[in-house]
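K.L.:
Right, I'll just put the structure down here and ask away after.
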Amino acid sequence: DQQVKQNSPSLSVQEGRISILNCDYTNSMFDYFLWYKKYPAEGPTFLISISSIKDKNEDGRFTVFLNKSAKHLSLHIVPSQPGDSAVYFCAPTSGTYKYIFGTGTRLKVLA
Amino acid sequence: DAGVIQSPRHEVTEMGQEVTLRCKPISGHNSLFWYRQTMMRGLELLIYFNNNVPIDDSGMPEDRFSAKMPNASFSTLKIQPSEPRDSAVYFCASSAPFLAGLPGTGELFFGEGSRLTVL
């Protein structure tokens, strides 16, 4: 029973272009959504979040969009840089401690 | 400014042996989590402590797994006896209380993980 799906296991993008990472969820009770980035041999690190009362949140090169009716969120990285190459996880929660992590998307930014 | 500290970073052991993983959360954080990452199941929550008290251990696979938090600055995850299927990366994470509408709260801060290999 996968409540959170990141259907693209991997994505390659040219440096300077936009990276779009997608996340779909099934639980309508989710109301807070986080994105984490993970480099090899390191723990995940927090990247950006969005509350369900918003449909967009921006932080520098990173923007997260939330479409509640479609139960879909996406992370946009513009412009993409080689240092952005990592695995990205979306992790929604229903206002509790229980974050449900997606399976992750491995982003590779080509120089 | 220390983050979450886990030890050991790598552990190789033989089936049947006891394994103890350790975690020091960020000072001031009152929530502590143990996660396990595998290729098959991704990142899954094993147990959650709040103010040193286990709140949710529904993710602990079986009785071979146990976790303790004797004080606010230390937690252990123990596997006894270990089995090859326990091979995974185990992450500890801590967080400050989530406050709705207050950015920067509720985020999980992860340690670098303990990679366990059971032969």
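Chain lettering (A, B, ...) mirrors the order of the structure tokens, residue numbering begins at 1 for each chain separately, and ligand numbering begins at 1 in order of display.
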Can you check which residues of chain A have any atom within 9 Å of chain B? Use only C-alpha atoms and format it as a VMD selection string.
P.N.:
chain A and resid 32 34 41 to 46 49 51 95 to 104
K.L.:
Export, as a CSV table (one decimal), in the first residue's frame, the selected residues with C-alpha atoms.
P.N.:
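Output (again-v7.csv):
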chain,number,residue,atom,x,y,z
A,32,TYR,CA,2.4,19.2,5.1
A,34,LEU,CA,8.7,18.1,2.7
A,41,ALA,CA,26.9,7.8,2.2
A,42,GLU,CA,25.1,10.7,3.9
A,43,GLY,CA,21.7,11.1,5.6
A,44,PRO,CA,18.9,12.9,3.9
A,45,THR,CA,18.8,16.7,4.4
A,46,PHE,CA,15.8,18.9,4.4
A,49,SER,CA,8.5,22.3,2.4
A,51,SER,CA,1.8,23.5,3.7
A,95,GLY,CA,0.4,16.9,10.8
A,96,THR,CA,1.9,14.2,12.9
A,97,TYR,CA,5.4,12.9,13.4
A,98,LYS,CA,4.8,10.2,10.8
A,99,TYR,CA,6.5,11.3,7.5
A,100,ILE,CA,5.9,8.8,4.7
A,101,PHE,CA,8.9,8.8,2.4
A,102,GLY,CA,8.6,8.2,-1.3
A,103,THR,CA,10.9,5.8,-3.0
A,104,GLY,CA,13.1,8.7,-4.3
K.L.:
I need the residues in range 36-105 of chain A that are strand (DSSP E) according to DSSP; give them as an MDAnalysis selection string.
P.N.:
chainID A and resid 36:38 45:51 56:59 62:67 72:77 86:93 105
K.L.:
Using only C-alpha atoms, which of A:Ser69, A:Gln81, A:Asn27, A:Ser19 sits nearest Lys5 in chain A?
P.N.:
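For Lys5 in chain A, the nearest of the candidates is A:Asn27.
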K.L.:
Find the residues around range 68-74 of chain B up to 8 Å (only C-alpha atoms counted), leave out those fewer than 2 positions away in its own chain, and share them as JSON, numbers by chain.
P.N.:
{"B": [22, 23, 24, 25, 26, 27, 30, 49, 51, 52, 53, 54, 66, 76, 77]}
K.L.:
For Ser94 in chain A, please output as a PDB file with N, CA, C and O atoms, in the first residue's frame all residues within 6 Å (counting only C-alpha atoms; exclusion window: fewer than 2 positions along the same chain).
P.N.:
ATOM      1  N   MET A  29      -5.432  13.132   3.818  1.00  0.00           N
ATOM      2  CA  MET A  29      -5.188  13.745   5.126  1.00  0.00           C
ATOM      3  C   MET A  29      -3.814  14.411   5.201  1.00  0.00           C
ATOM      4  O   MET A  29      -3.540  15.169   6.121  1.00  0.00           O
ATOM      5  N   PHE A  30      -2.952  14.128   4.235  1.00  0.00           N
ATOM      6  CA  PHE A  30      -1.640  14.780   4.235  1.00  0.00           C
ATOM      7  C   PHE A  30      -1.829  16.292   4.099  1.00  0.00           C
ATOM      8  O   PHE A  30      -2.571  16.760   3.221  1.00  0.00           O
ATOM      9  N   ASP A  31      -1.147  17.042   4.979  1.00  0.00           N
ATOM     10  CA  ASP A  31      -1.315  18.492   4.907  1.00  0.00           C
ATOM     11  C   ASP A  31       0.001  19.248   5.002  1.00  0.00           C
ATOM     12  O   ASP A  31       0.016  20.484   5.058  1.00  0.00           O
ATOM     13  N   THR A  96       1.374  15.008  11.807  1.00  0.00           N
ATOM     14  CA  THR A  96       1.915  14.244  12.931  1.00  0.00           C
ATOM     15  C   THR A  96       3.399  13.996  12.684  1.00  0.00           C
ATOM     16  O   THR A  96       3.972  14.488  11.732  1.00  0.00           O
TER      17      THR A  96
END
K.L.:
Rank nothing, just name the residue among A:Val87, A:Cys23, A:Val78, A:Leu66 nearest to Lys37 in chain A, using only C-alpha atoms.
P.N.:
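That would be A:Val87, the residue with the smallest distance to Lys37 in chain A.
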